[in-house]
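A.B. asks: Sharing structure18.txt (compact mmCIF, C-alpha atoms) below.
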```txt
# COMPACT_ATOMS: atom_id res chain seq x y z
CA MET A 1 79.93 133.98 111.72
CA SER A 2 77.48 133.29 108.90
CA VAL A 3 79.20 130.03 107.91
CA THR A 4 79.62 126.96 110.02
CA PHE A 5 82.65 126.87 112.25
CA ALA A 6 84.07 123.89 110.39
CA LEU A 7 83.89 125.75 107.08
CA ALA A 8 85.56 128.78 108.61
CA VAL A 9 88.46 126.67 109.86
CA MET A 10 88.88 124.88 106.54
CA THR A 11 88.78 128.23 104.72
CA LEU A 12 91.63 129.50 106.89
CA LEU A 13 93.66 126.39 106.21
CA ALA A 14 93.00 126.58 102.47
CA SER A 15 93.97 130.26 102.52
CA HIS A 16 97.30 129.29 104.07
CA VAL A 17 98.02 127.03 101.11
CA ALA A 18 96.81 129.65 98.63
CA ALA A 19 99.03 132.29 100.21
CA LYS A 20 102.08 130.08 99.91
CA GLY A 21 101.18 128.64 96.51
CA LEU A 22 101.64 125.16 95.11
CA LEU A 23 104.54 123.91 93.01
CA ARG A 24 102.82 121.92 90.27
CA ASP A 25 104.75 119.45 88.13
CA ALA A 26 103.38 116.32 86.48
CA ASP A 27 106.59 114.29 86.88
CA ILE A 28 107.06 115.14 90.56
CA GLU A 29 103.43 114.51 91.45
CA ASN A 30 103.53 111.19 89.59
CA ALA A 31 106.53 110.12 91.68
CA LEU A 32 104.81 111.24 94.89
CA ALA A 33 101.67 109.30 93.99
CA ARG A 34 103.59 106.12 93.20
CA LEU A 35 105.63 106.36 96.39
CA ALA A 36 102.48 106.95 98.40
CA GLU A 37 100.47 104.13 96.83
CA PRO A 38 101.68 101.24 99.04
CA VAL A 39 101.37 103.37 102.18
CA LEU A 40 97.83 104.48 101.40
CA ALA A 41 96.85 100.91 100.55
CA ALA A 42 98.22 99.73 103.89
CA ALA A 43 96.08 102.40 105.56
CA ASN A 44 93.03 101.11 103.66
CA LEU A 45 92.72 104.43 101.85
CA ASP A 46 91.90 104.83 98.17
CA ASN A 47 94.99 106.28 96.53
CA GLN A 48 92.85 107.41 93.58
CA ASN A 49 91.02 109.85 95.86
CA ILE A 50 94.00 111.26 97.78
CA ARG A 51 96.39 113.56 95.98
CA LEU A 52 99.78 114.80 97.10
CA PHE A 53 100.87 118.39 96.49
CA LEU A 54 104.07 120.36 97.02
CA VAL A 55 103.69 123.70 98.80
CA ASP A 56 106.02 126.55 97.85
CA ASP A 57 107.50 126.84 101.31
CA ARG A 58 111.05 125.99 102.36
CA SER A 59 110.18 125.20 105.99
CA LEU A 60 110.07 121.60 107.20
CA ASN A 61 106.35 120.92 107.24
CA ALA A 62 103.60 118.60 106.03
CA PHE A 63 99.87 118.65 106.75
CA VAL A 64 96.38 117.61 105.70
CA LEU A 65 93.40 119.91 105.23
CA ASN A 66 90.77 117.35 104.37
CA ASN A 67 90.39 113.71 103.36
CA GLN A 68 91.42 114.28 99.76
CA ALA A 69 94.92 115.78 99.86
CA ILE A 70 98.28 115.63 101.62
CA PHE A 71 100.52 118.70 101.42
CA LEU A 72 104.31 118.61 101.66
CA ASN A 73 106.48 121.72 101.82
CA TYR A 74 109.24 121.52 99.25
CA GLY A 75 111.79 122.35 101.96
CA LEU A 76 110.89 119.14 103.76
CA VAL A 77 111.26 117.06 100.59
CA LEU A 78 114.70 118.51 99.90
CA HIS A 79 115.90 117.83 103.45
CA ILE A 80 115.10 114.12 103.57
CA ASP A 81 117.50 111.54 102.21
CA THR A 82 115.56 108.37 101.44
CA PRO A 83 112.23 107.28 99.98
CA GLU A 84 111.48 105.60 103.31
CA MET A 85 111.64 108.97 105.07
CA LEU A 86 109.20 110.46 102.58
CA GLN A 87 106.90 107.47 102.90
CA ALA A 88 107.02 107.78 106.69
CA ILE A 89 105.82 111.38 106.45
CA ILE A 90 103.07 110.36 104.03
CA ALA A 91 102.11 107.47 106.33
CA HIS A 92 101.78 109.85 109.28
CA GLU A 93 99.53 112.21 107.34
CA ALA A 94 97.54 109.25 106.01
CA ALA A 95 97.00 108.17 109.62
CA HIS A 96 95.34 111.50 110.40
CA ILE A 97 92.89 110.78 107.58
CA ALA A 98 92.35 107.09 108.38
CA ASN A 99 91.98 107.70 112.11
CA GLY A 100 89.40 110.45 111.67
CA HIS A 101 91.54 113.14 113.28
CA ILE A 102 90.36 115.86 110.89
CA ALA A 103 86.74 115.47 111.96
CA ARG A 104 87.76 115.16 115.61
CA ARG A 105 89.84 118.33 115.43
CA THR A 106 86.80 120.20 114.17
CA GLU A 107 84.90 118.95 117.21
CA ASN A 108 87.83 119.81 119.50
CA PHE A 109 87.78 123.32 118.06
CA ARG A 110 84.17 123.65 119.20
CA HIS A 111 85.16 122.75 122.76
CA ALA A 112 88.13 125.13 122.67
CA GLN A 113 86.09 127.99 121.17
CA SER A 114 87.07 131.42 122.41
CA LEU A 115 87.72 134.91 121.09
CA GLY A 116 91.07 133.70 119.80
CA LEU A 117 89.69 131.05 117.45
CA LEU A 118 91.50 132.37 114.41
CA GLY A 119 94.85 132.24 116.15
CA THR A 120 94.25 128.65 117.19
CA ALA A 121 93.23 127.68 113.66
CA LEU A 122 96.39 129.22 112.27
CA ALA A 123 98.45 127.43 114.88
CA ILE A 124 97.10 124.12 113.68
CA THR A 125 97.83 125.13 110.11
CA SER A 126 101.46 125.60 111.04
CA SER A 127 101.88 122.34 112.93
CA ALA A 128 103.16 119.56 110.72
CA ALA A 129 103.15 115.82 111.00
CA THR A 130 106.79 115.88 111.94
CA SER A 131 107.38 119.43 113.02
CA PRO A 132 107.90 120.25 116.71
CA ASP A 133 106.30 123.66 116.19
CA VAL A 134 105.18 125.43 119.30
CA ALA A 135 101.65 126.81 119.04
CA THR A 136 102.02 129.61 121.59
CA GLY A 137 103.19 132.35 119.25
CA LEU A 138 100.33 131.92 116.79
CA ALA A 139 97.61 131.46 119.37
CA VAL A 140 98.05 134.93 120.80
CA GLY A 141 94.95 136.15 122.58
CA THR A 142 93.35 132.75 123.07
CA SER A 143 92.19 131.48 126.40
CA SER A 144 95.18 129.61 127.83
CA ALA A 145 93.02 126.89 129.42
CA SER A 146 91.02 126.24 126.24
CA VAL A 147 94.12 126.13 124.05
CA ARG A 148 95.85 123.73 126.44
CA SER A 149 92.80 121.48 126.32
CA PHE A 150 92.76 121.57 122.54
CA LEU A 151 96.48 120.91 122.17
CA LYS A 152 96.28 118.00 124.60
CA HIS A 153 93.98 116.31 122.08
CA THR A 154 96.29 117.08 119.14
CA ARG A 155 99.37 115.78 120.96
CA ALA A 156 97.59 112.49 121.60
CA GLU A 157 96.56 112.32 117.94
CA GLU A 158 100.12 112.98 116.75
CA ALA A 159 101.46 110.15 118.91
CA ALA A 160 98.71 107.85 117.65
CA ALA A 161 99.47 108.84 114.05
CA ASP A 162 103.12 107.92 114.58
CA GLN A 163 102.14 104.45 115.75
CA SER A 164 99.73 103.98 112.85
CA ALA A 165 102.39 105.17 110.40
CA LEU A 166 104.85 102.57 111.67
CA MET A 167 102.26 99.83 111.24
CA TYR A 168 101.36 101.01 107.73
CA MET A 169 105.01 100.97 106.71
CA GLN A 170 105.59 97.49 108.07
CA ARG A 171 102.41 96.25 106.40
CA ALA A 172 103.53 97.79 103.08
CA GLY A 173 106.98 96.20 103.29
CA ILE A 174 108.71 99.55 103.82
CA ASN A 175 111.48 99.90 106.37
CA PRO A 176 109.95 101.71 109.40
CA GLU A 177 113.36 103.14 110.19
CA GLY A 178 112.28 105.88 107.80
CA LEU A 179 110.15 107.42 110.56
CA LEU A 180 113.04 107.09 112.99
CA ALA A 181 115.24 109.02 110.54
CA VAL A 182 112.57 111.73 110.20
CA HIS A 183 112.43 112.26 113.96
CA GLN A 184 116.24 112.39 114.08
CA LEU A 185 116.15 115.07 111.36
CA PHE A 186 113.74 117.19 113.37
CA ARG A 187 115.62 116.72 116.58
CA ARG A 188 118.67 118.21 114.86
CA HIS A 189 116.58 121.20 113.78
CA GLU A 190 114.99 121.94 117.12
CA SER A 191 116.17 125.19 118.62
CA LEU A 192 116.85 125.98 122.24
CA VAL A 193 113.97 128.47 122.17
CA GLU A 194 111.52 125.77 121.12
CA ARG A 195 112.77 123.39 123.80
CA ARG A 196 112.31 126.03 126.52
CA HIS A 197 108.66 126.74 125.68
CA ASP A 198 105.85 125.58 127.90
CA LEU A 199 105.50 121.90 126.96
CA GLN A 200 101.74 122.02 127.49
CA MET A 201 101.50 124.60 124.71
CA ARG A 202 102.96 122.31 122.04
CA SER A 203 100.83 120.85 119.24
CA HIS A 204 103.11 117.80 119.01
CA PRO A 205 104.74 115.51 121.56
CA LEU A 206 108.41 116.13 122.29
CA THR A 207 110.59 114.86 119.44
CA SER A 208 112.65 112.89 121.96
CA ASP A 209 109.49 111.08 123.10
CA ARG A 210 108.47 110.32 119.53
CA LEU A 211 111.98 109.15 118.77
CA ARG A 212 111.98 106.70 121.68
CA ALA A 213 108.62 105.29 120.62
CA ALA A 214 109.87 104.76 117.07
CA GLU A 215 113.09 103.18 118.33
CA THR A 216 111.09 100.71 120.40
CA PHE A 217 108.96 99.73 117.42
CA VAL A 218 111.98 99.32 115.13
CA SER A 219 113.91 97.26 117.66
CA ASN A 220 110.99 94.85 118.05
CA ARG A 221 110.41 94.30 114.34
CA GLY A 222 111.57 91.20 112.50
CA GLU A 223 114.00 90.97 109.63
CA ALA A 224 115.04 94.30 108.11
CA THR A 225 113.26 95.34 104.91
CA GLN A 226 115.44 95.93 101.86
CA PRO A 227 115.09 99.15 99.84
CA ASN A 228 112.74 98.98 96.86
CA PRO A 229 114.70 99.75 93.62
CA GLU A 230 111.70 101.42 91.98
CA HIS A 231 111.17 103.62 95.03
CA LEU A 232 114.84 104.61 95.04
CA TYR A 233 114.59 105.68 91.39
CA LEU A 234 111.34 107.61 91.82
CA PHE A 235 112.68 109.40 94.89
CA ALA A 236 115.93 110.36 93.12
CA ARG A 237 114.02 111.58 90.09
CA MET A 238 111.56 113.65 92.11
CA ARG A 239 114.22 115.30 94.26
CA GLY A 240 116.51 115.73 91.27
CA LYS A 241 113.95 117.66 89.29
CA LEU A 242 112.73 119.67 92.27
CA SER A 243 116.22 120.71 93.32
CA ALA A 244 117.20 121.56 89.73
CA PHE A 245 114.32 124.03 89.49
CA ILE A 246 114.63 125.40 93.03
CA ARG A 247 118.40 125.72 93.27
CA SER A 248 120.96 127.44 91.10
CA PRO A 249 122.37 125.87 87.91
CA GLU A 250 125.83 125.98 89.51
CA TRP A 251 124.60 123.94 92.48
CA THR A 252 122.91 121.44 90.16
CA ARG A 253 126.10 120.89 88.15
CA GLN A 254 128.08 120.28 91.32
CA GLN A 255 125.73 117.40 92.14
CA LEU A 256 125.77 115.65 88.76
CA ASP A 257 128.77 113.44 89.51
CA HIS A 258 126.86 112.02 92.48
CA GLU A 259 123.72 111.17 90.46
CA PRO A 260 123.66 107.37 89.88
CA TYR A 261 120.89 107.38 87.25
CA ALA A 262 122.00 108.52 83.79
CA ASP A 263 118.58 109.76 82.65
CA ILE A 264 118.08 111.80 85.83
CA ARG A 265 121.56 113.24 85.43
CA PHE A 266 120.68 114.45 81.92
CA MET A 267 117.29 115.75 83.09
CA ARG A 268 118.87 117.79 85.87
CA GLN A 269 121.47 119.18 83.50
CA ALA A 270 118.77 120.08 80.96
CA THR A 271 116.86 121.95 83.67
CA ALA A 272 119.99 123.88 84.60
CA TYR A 273 120.51 124.92 80.98
CA HIS A 274 116.83 125.90 80.73
CA LYS A 275 117.14 128.15 83.79
CA GLU A 276 120.06 129.85 82.04
CA LEU A 277 117.87 130.37 78.94
CA ASN A 278 120.17 128.13 76.89
CA THR A 279 117.41 126.37 74.97
CA GLU A 280 119.71 124.62 72.48
CA LYS A 281 121.75 122.86 75.16
CA ALA A 282 118.65 122.18 77.24
CA ILE A 283 116.95 120.39 74.32
CA LYS A 284 120.07 118.43 73.44
CA THR A 285 120.38 117.25 77.03
CA ILE A 286 116.71 116.36 77.58
CA ASN A 287 116.90 114.38 74.32
CA ALA A 288 119.78 112.45 75.89
CA ALA A 289 117.55 111.70 78.88
CA LEU A 290 114.81 110.53 76.52
CA ASP A 291 117.28 108.26 74.73
CA GLN A 292 118.08 106.64 78.07
CA ARG A 293 114.36 105.95 78.48
CA GLY A 294 113.85 104.61 74.96
CA ASN A 295 111.95 107.78 73.98
CA HIS A 296 108.91 106.43 75.84
CA ASP A 297 108.84 108.71 78.85
CA GLY A 298 105.87 111.05 78.72
CA PHE A 299 107.10 113.17 81.62
CA TYR A 300 110.43 113.89 79.94
CA PHE A 301 108.53 114.89 76.78
CA ASP A 302 106.49 117.16 79.05
CA LEU A 303 109.68 118.84 80.24
CA LYS A 304 110.90 119.10 76.65
CA GLY A 305 107.62 120.79 75.74
CA GLN A 306 108.04 123.25 78.62
CA ILE A 307 111.59 124.11 77.56
CA LEU A 308 110.51 124.69 73.95
CA LEU A 309 107.37 126.64 74.89
CA GLU A 310 109.24 128.95 77.25
CA GLY A 311 111.97 129.25 74.61
CA ARG A 312 109.25 130.49 72.21
CA ARG A 313 109.71 127.55 69.82
CA PHE A 314 105.97 127.01 69.73
CA ASP A 315 105.57 124.53 66.87
CA GLU A 316 108.24 122.23 68.32
CA ALA A 317 106.66 122.57 71.75
CA LEU A 318 103.32 121.47 70.33
CA THR A 319 104.93 118.33 68.87
CA ALA A 320 106.62 117.51 72.18
CA TYR A 321 103.41 117.96 74.18
CA GLN A 322 101.48 115.83 71.68
CA LYS A 323 103.98 113.03 72.28
CA ALA A 324 103.76 113.51 76.04
CA ARG A 325 99.97 113.31 75.85
CA GLU A 326 100.18 110.15 73.75
CA LEU A 327 102.34 108.48 76.39
CA GLU A 328 100.44 109.84 79.43
CA PRO A 329 96.84 110.18 78.20
CA HIS A 330 95.28 110.55 81.66
CA ASN A 331 97.47 113.31 83.09
CA GLY A 332 95.68 116.65 83.40
CA GLN A 333 98.85 118.71 83.71
CA ILE A 334 100.32 117.29 80.51
CA LEU A 335 97.02 117.96 78.76
CA GLY A 336 97.25 121.52 80.10
CA GLY A 337 100.71 121.88 78.55
CA LEU A 338 99.33 120.75 75.22
CA GLY A 339 96.56 123.33 75.50
CA ARG A 340 99.04 126.11 76.25
CA ALA A 341 101.06 125.10 73.18
CA GLN A 342 97.91 125.16 71.03
CA LEU A 343 97.15 128.63 72.36
CA ALA A 344 100.70 129.74 71.55
CA VAL A 345 100.43 128.65 67.90
CA GLY A 346 97.06 130.41 67.57
CA ASP A 347 94.81 127.35 67.42
CA PHE A 348 92.30 128.83 69.84
CA SER A 349 89.46 126.39 69.17
CA SER A 350 91.67 123.36 69.91
CA ALA A 351 93.20 125.13 72.89
CA ILE A 352 89.78 125.72 74.45
CA LYS A 353 88.73 122.08 74.00
CA THR A 354 92.01 120.78 75.38
CA LEU A 355 92.17 123.18 78.31
CA GLU A 356 88.55 122.52 79.27
CA LYS A 357 89.37 118.81 79.45
CA ALA A 358 92.50 119.58 81.47
CA HIS A 359 90.49 121.73 83.88
CA ALA A 360 87.92 118.97 84.31
CA GLN A 361 90.73 116.55 85.27
CA ASP A 362 92.67 118.94 87.50
CA ARG A 363 90.85 121.94 88.98
CA ASN A 364 93.89 123.10 90.97
CA ASP A 365 96.13 124.01 88.02
CA LEU A 366 96.42 127.80 87.87
CA ARG A 367 98.30 127.64 84.55
CA VAL A 368 95.34 125.92 82.89
CA LEU A 369 92.90 128.49 84.24
CA GLN A 370 95.08 131.37 83.04
CA ALA A 371 95.52 129.88 79.56
CA LEU A 372 91.83 129.02 79.34
CA GLY A 373 90.91 132.62 80.20
CA GLN A 374 93.25 133.88 77.48
CA SER A 375 91.80 131.40 74.95
CA TYR A 376 88.23 132.47 75.70
CA GLY A 377 89.27 136.08 75.35
CA GLN A 378 90.72 135.42 71.90
CA VAL A 379 87.30 134.26 70.66
CA ASP A 380 85.33 136.95 72.53
CA LYS A 381 83.82 134.62 75.14
CA ILE A 382 84.15 137.27 77.83
CA GLY A 383 81.73 135.69 80.30
CA GLU A 384 83.60 132.38 80.19
CA ALA A 385 86.93 134.19 80.51
CA SER A 386 85.68 136.07 83.58
CA LEU A 387 84.46 132.84 85.18
CA VAL A 388 87.77 130.96 84.93
CA THR A 389 89.63 134.11 85.99
CA ALA A 390 87.38 134.28 89.07
CA GLU A 391 88.15 130.63 89.83
CA ARG A 392 91.88 131.26 89.45
CA TYR A 393 91.76 134.22 91.82
CA ALA A 394 89.79 132.16 94.35
CA LEU A 395 92.45 129.44 94.30
CA GLN A 396 95.06 132.13 94.96
CA GLY A 397 93.09 133.47 97.92
CA ARG A 398 92.36 136.76 96.10
CA PHE A 399 88.70 136.73 97.11
CA ARG A 400 87.91 140.39 96.37
CA ASP A 401 89.24 140.09 92.81
CA SER A 402 87.49 136.76 92.44
CA TYR A 403 84.16 138.27 93.48
CA ILE A 404 84.48 141.05 90.90
CA GLN A 405 85.18 138.59 88.09
CA ALA A 406 82.48 136.15 89.23
CA LYS A 407 79.93 139.00 89.28
CA ARG A 408 80.97 139.98 85.78
CA ALA A 409 80.63 136.38 84.61
CA SER A 410 77.21 136.09 86.23
CA ASP A 411 76.02 139.19 84.36
CA LEU A 412 77.33 137.98 80.99
CA LEU A 413 76.55 134.25 81.00
CA PRO A 414 73.07 132.89 80.13
CA THR A 415 70.96 132.75 83.28
CA GLY A 416 70.50 129.19 84.47
CA SER A 417 73.38 127.76 82.42
CA THR A 418 75.97 125.49 84.03
CA ARG A 419 78.63 128.20 83.91
CA TRP A 420 76.22 130.79 85.32
CA LYS A 421 75.55 128.43 88.24
CA ARG A 422 79.30 128.06 88.80
CA ALA A 423 79.60 131.85 88.99
CA GLN A 424 76.67 132.04 91.40
CA ASN A 425 78.14 129.35 93.64
CA LEU A 426 81.44 131.20 93.72
CA LEU A 427 79.72 134.47 94.66
CA ILE A 428 77.88 132.76 97.52
CA ALA A 429 81.05 131.04 98.77
CA ILE A 430 83.02 134.30 98.78
CA LYS A 431 80.25 136.13 100.64
CA ASN A 432 80.27 133.41 103.30
CA ILE A 433 84.04 133.60 103.64
CA GLN A 434 83.97 137.39 104.05
CA ASN A 435 81.12 137.46 106.59
```
With the file now loaded, output its structure as structure tokens.
C.D. replies:
Amino acid sequence: MSVTFALAVMTLLASHVAAKGLLRDADIENALARLAEPVLAAANLDNQNIRLFLVDDRSLNAFVLNNQAIFLNYGLVLHIDTPEMLQAIIAHEAAHIANGHIARRTENFRHAQSLGLLGTALAITSSAATSPDVATGLAVGTSSASVRSFLKHTRAEEAAADQSALMYMQRAGINPEGLLAVHQLFRRHESLVERRHDLQMRSHPLTSDRLRAAETFVSNRGEATQPNPEHLYLFARMRGKLSAFIRSPEWTRQQLDHEPYADIRFMRQATAYHKELNTEKAIKTINAALDQRGNHDGFYFDLKGQILLEGRRFDEALTAYQKARELEPHNGQILGGLGRAQLAVGDFSSAIKTLEKAHAQDRNDLRVLQALGQSYGQVDKIGEASLVTAERYALQGRFRDSYIQAKRASDLLPTGSTRWKRAQNLLIAIKNIQN
């Protein structure tokens, strides 16, 4: 390989995320960040430097790729019942970062190196903090002895991460029974096939063993911790919005009577109407949610802007996004929504300025990159349009298409300029990935 082994592994992991795609939403990610904040603080990690993302995958999984992000499959989020369960999963992933497991796994990969390296890397991609996934099927062709040695290290790290997660939760004043409930969830989902696999070929300890360890910790703790009302609200809001977009409008309406928060109930109903392309009812209902929040909720204005923009009511969408930006001035996704609305009304100069700021704040938003490329194209900045298109393709794992656009950008942009250097760096990175 022409790149370092560590870079090759991280590229494979990043490609896994790109292949699945991320579900980006400002409101949901805000809730995730606020729920994670006490856990990350307890782990002595800077919550400003660690972001949480939802992966467009219905399987029960969570993982880390580096020290800057925690990834949660949406299927896992929809299957858990309490904020404490979510915080337990986050605490476990935070433990992998705090305990240096990512760097150690790179070193363990070196020791386990064989002709089946790619299979092993993909196996680790598929193993989650809480998932009892068996690595055998994905590590086809690897040396059995080397894989067993590698997985022995990861099993020990998973057990250690569980113990650290329990301590973080207790330190943060969060009921550690959340981790117990997570293990009980996964025990219910284990299949007979998984239980019959060679136990030495598992990337995680047996769920029953992890469950016993958590039970011991919980039984030895002091007075039970009461649920945090703010956490309960944030969790309900996050899951309510996610489920309303993922599931059918009929399913959403069946759940409304069980929703204890009036504003979330209206938000979920508005989303259901929006999915049915009933913009009038969707706007009426999101306005009801805003009334419940005193018309000072930037994330509900963001949703209102989305409904109006996708309903082709562009001027009204622009007004809604301007209000959302006023209330949440530091949110890159909301700024991106404002830029898309400016593009829709034909204000290309403002759109470019806004979207460039949004991209500087959040370089993982594909919608911003797409709108920015369109805005550049409208004012004949073809080199700039090619560059952001190349970056969007790279995030999607479309490296061949990315290379073509980056080469085009490199040919069109002034040699030595900042954007030209970005194009050059992208060309070099893609060549390394493909070699």
A.B. asks: For Ile246 of chain A, which residue out of A:His231, A:Arg312, A:Arg367, A:Lys275 is the nearest one, using only C-alpha atoms?
C.D. replies: A:Lys275
A.B. asks: Show me, as a PDB file with C-alpha atoms, keeping the file's coordinate frame, the residues that have an atom within 8 Å of segment 35-40 of chain A when counting all atoms listed in the file, minus same-chain residues fewer than 2 positions from it.
C.D. replies:
```
ATOM      1  CA  ALA A  31     106.530 110.120  91.680  1.00  0.00           C
ATOM      2  CA  LEU A  32     104.810 111.240  94.890  1.00  0.00           C
ATOM      3  CA  ALA A  33     101.670 109.300  93.990  1.00  0.00           C
ATOM      4  CA  ALA A  42      98.220  99.730 103.890  1.00  0.00           C
ATOM      5  CA  ALA A  43      96.080 102.400 105.560  1.00  0.00           C
ATOM      6  CA  ASN A  44      93.030 101.110 103.660  1.00  0.00           C
ATOM      7  CA  LEU A  45      92.720 104.430 101.850  1.00  0.00           C
ATOM      8  CA  ASP A  46      91.900 104.830  98.170  1.00  0.00           C
ATOM      9  CA  ASN A  47      94.990 106.280  96.530  1.00  0.00           C
ATOM     10  CA  PRO A  83     112.230 107.280  99.980  1.00  0.00           C
ATOM     11  CA  GLN A  87     106.900 107.470 102.900  1.00  0.00           C
ATOM     12  CA  ILE A  90     103.070 110.360 104.030  1.00  0.00           C
ATOM     13  CA  ALA A  91     102.110 107.470 106.330  1.00  0.00           C
ATOM     14  CA  ALA A  94      97.540 109.250 106.010  1.00  0.00           C
ATOM     15  CA  TYR A 168     101.360 101.010 107.730  1.00  0.00           C
ATOM     16  CA  MET A 169     105.010 100.970 106.710  1.00  0.00           C
ATOM     17  CA  ALA A 172     103.530  97.790 103.080  1.00  0.00           C
ATOM     18  CA  HIS A 231     111.170 103.620  95.030  1.00  0.00           C
ATOM     19  CA  LEU A 234     111.340 107.610  91.820  1.00  0.00           C
ATOM     20  CA  PHE A 235     112.680 109.400  94.890  1.00  0.00           C
TER      21      PHE A 235
END
```
A.B. asks: For each of A:Glu259, A:Glu230, A:Asp81, A:Glu384, take the minimum atom-to-atom distance to Ser410 of chain A, counting all atoms listed in the file, then give the residue where this is smallest.
C.D. replies: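 Under the stated criterion, the closest residue is A:Glu384.
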A.B. asks: So how far away is atom CA of Gly373 of chain A from atom CA of Leu338 of chain A, in Å?
C.D. replies: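 Computed distance, atom CA of Leu338 of chain A to atom CA of Gly373 of chain A, equals 15.4 Å.
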A.B. asks: Could you tell me how far atom CA of Ala390 of chain A lies from atom CA of Phe245 of chain A, in Å and to one decimal?
C.D. replies: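 Result for atom CA of Ala390 of chain A versus atom CA of Phe245 of chain A: 28.8 Å, one decimal.
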A.B. asks: With distances taken over only C-alpha atoms, which of A:Lys381, A:His92, A:His79, A:Arg392 is nearest to Leu366 of chain A?
C.D. replies: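 Among the listed residues, the smallest separation from Leu366 of chain A belongs to A:Arg392.
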A.B. asks: Could you give me, as a list in words, the residues within 12 Å of Asn331 of chain A, counting all atoms listed in the file and dropping anything in the same chain fewer than 5 positions from it?
C.D. replies: Asp25, Ala26, Asp27, Glu29, Asn30, Gly298, Phe299, Asp302, Tyr321, Ala324, Arg325, Glu326, Gly336, Gly337, Leu338, Lys357, Ala358, His359, Ala360, Gln361, Asp362 and Asp365 of chain A
A.B. asks: Name the residues, using the chain letters and numbers of the file, that sit within 12 Å of (89.3, 139.4, 97.1) when counting all atoms listed in the file, and give them as number ranges by chain.
C.D. replies: A: 15, 390-406, 426-427, 429-431, 433-434
A.B. asks: Go ahead and write the selection's residues with C-alpha atoms as a PDB file, in the frame of the given file.
C.D. replies:
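again.pdb, written as the output of this step:
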```pdb
ATOM      1  CA  SER A  15      93.970 130.260 102.520  1.00  0.00           C
ATOM      2  CA  ALA A 390      87.380 134.280  89.070  1.00  0.00           C
ATOM      3  CA  GLU A 391      88.150 130.630  89.830  1.00  0.00           C
ATOM      4  CA  ARG A 392      91.880 131.260  89.450  1.00  0.00           C
ATOM      5  CA  TYR A 393      91.760 134.220  91.820  1.00  0.00           C
ATOM      6  CA  ALA A 394      89.790 132.160  94.350  1.00  0.00           C
ATOM      7  CA  LEU A 395      92.450 129.440  94.300  1.00  0.00           C
ATOM      8  CA  GLN A 396      95.060 132.130  94.960  1.00  0.00           C
ATOM      9  CA  GLY A 397      93.090 133.470  97.920  1.00  0.00           C
ATOM     10  CA  ARG A 398      92.360 136.760  96.100  1.00  0.00           C
ATOM     11  CA  PHE A 399      88.700 136.730  97.110  1.00  0.00           C
ATOM     12  CA  ARG A 400      87.910 140.390  96.370  1.00  0.00           C
ATOM     13  CA  ASP A 401      89.240 140.090  92.810  1.00  0.00           C
ATOM     14  CA  SER A 402      87.490 136.760  92.440  1.00  0.00           C
ATOM     15  CA  TYR A 403      84.160 138.270  93.480  1.00  0.00           C
ATOM     16  CA  ILE A 404      84.480 141.050  90.900  1.00  0.00           C
ATOM     17  CA  GLN A 405      85.180 138.590  88.090  1.00  0.00           C
ATOM     18  CA  ALA A 406      82.480 136.150  89.230  1.00  0.00           C
ATOM     19  CA  LEU A 426      81.440 131.200  93.720  1.00  0.00           C
ATOM     20  CA  LEU A 427      79.720 134.470  94.660  1.00  0.00           C
ATOM     21  CA  ALA A 429      81.050 131.040  98.770  1.00  0.00           C
ATOM     22  CA  ILE A 430      83.020 134.300  98.780  1.00  0.00           C
ATOM     23  CA  LYS A 431      80.250 136.130 100.640  1.00  0.00           C
ATOM     24  CA  ILE A 433      84.040 133.600 103.640  1.00  0.00           C
ATOM     25  CA  GLN A 434      83.970 137.390 104.050  1.00  0.00           C
TER      26      GLN A 434
END
```
A.B. asks: Could you list, as a PyMOL selection string, every residue within 9 Å of Tyr300 of chain A, counting all atoms listed in the file and ignoring same-chain residues fewer than 5 positions away?
C.D. replies: chain A and resi 27+267+286-287+289-290+293+295+305+324
A.B. asks: So that I have them on file, write out the residues from the current selection with C-alpha atoms, as a PDB file, in the coordinates of the input.
C.D. replies:
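Output (again39.pdb):
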```
ATOM      1  CA  ASP A  27     106.590 114.290  86.880  1.00  0.00           C
ATOM      2  CA  MET A 267     117.290 115.750  83.090  1.00  0.00           C
ATOM      3  CA  ILE A 286     116.710 116.360  77.580  1.00  0.00           C
ATOM      4  CA  ASN A 287     116.900 114.380  74.320  1.00  0.00           C
ATOM      5  CA  ALA A 289     117.550 111.700  78.880  1.00  0.00           C
ATOM      6  CA  LEU A 290     114.810 110.530  76.520  1.00  0.00           C
ATOM      7  CA  ARG A 293     114.360 105.950  78.480  1.00  0.00           C
ATOM      8  CA  ASN A 295     111.950 107.780  73.980  1.00  0.00           C
ATOM      9  CA  GLY A 305     107.620 120.790  75.740  1.00  0.00           C
ATOM     10  CA  ALA A 324     103.760 113.510  76.040  1.00  0.00           C
TER      11      ALA A 324
END
```
A.B. asks: Between A:Val182, A:Asn175, A:Phe266, A:Ile428, which residue has the minimum interatomic distance to Asn61 of chain A, considering only C-alpha atoms?
C.D. replies: A:Val182
A.B. asks: Need to verify the contact set: Gly339 of chain A, 6 Å, all atoms listed in the file, exclusion of same-chain residues closer than 6 positions in sequence. Can you return it as JSON, numbers by chain?
C.D. replies: {"A": [351, 354, 355]}
A.B. asks: When you draw a straight line from atom CA of Tyr376 of chain A to atom CA of Asn425 of chain A, how long is it in Å?
C.D. replies: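 One can read the atom CA of Tyr376 of chain A to atom CA of Asn425 of chain A distance as 20.8 Å.
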A.B. asks: Nearest residue to Ser375 of chain A out of A:Ser349, A:Gln424, A:Asn99, A:Thr319, using all atoms listed in the file?
C.D. replies: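 Of the candidates, the smallest distance to Ser375 of chain A is held by A:Ser349.
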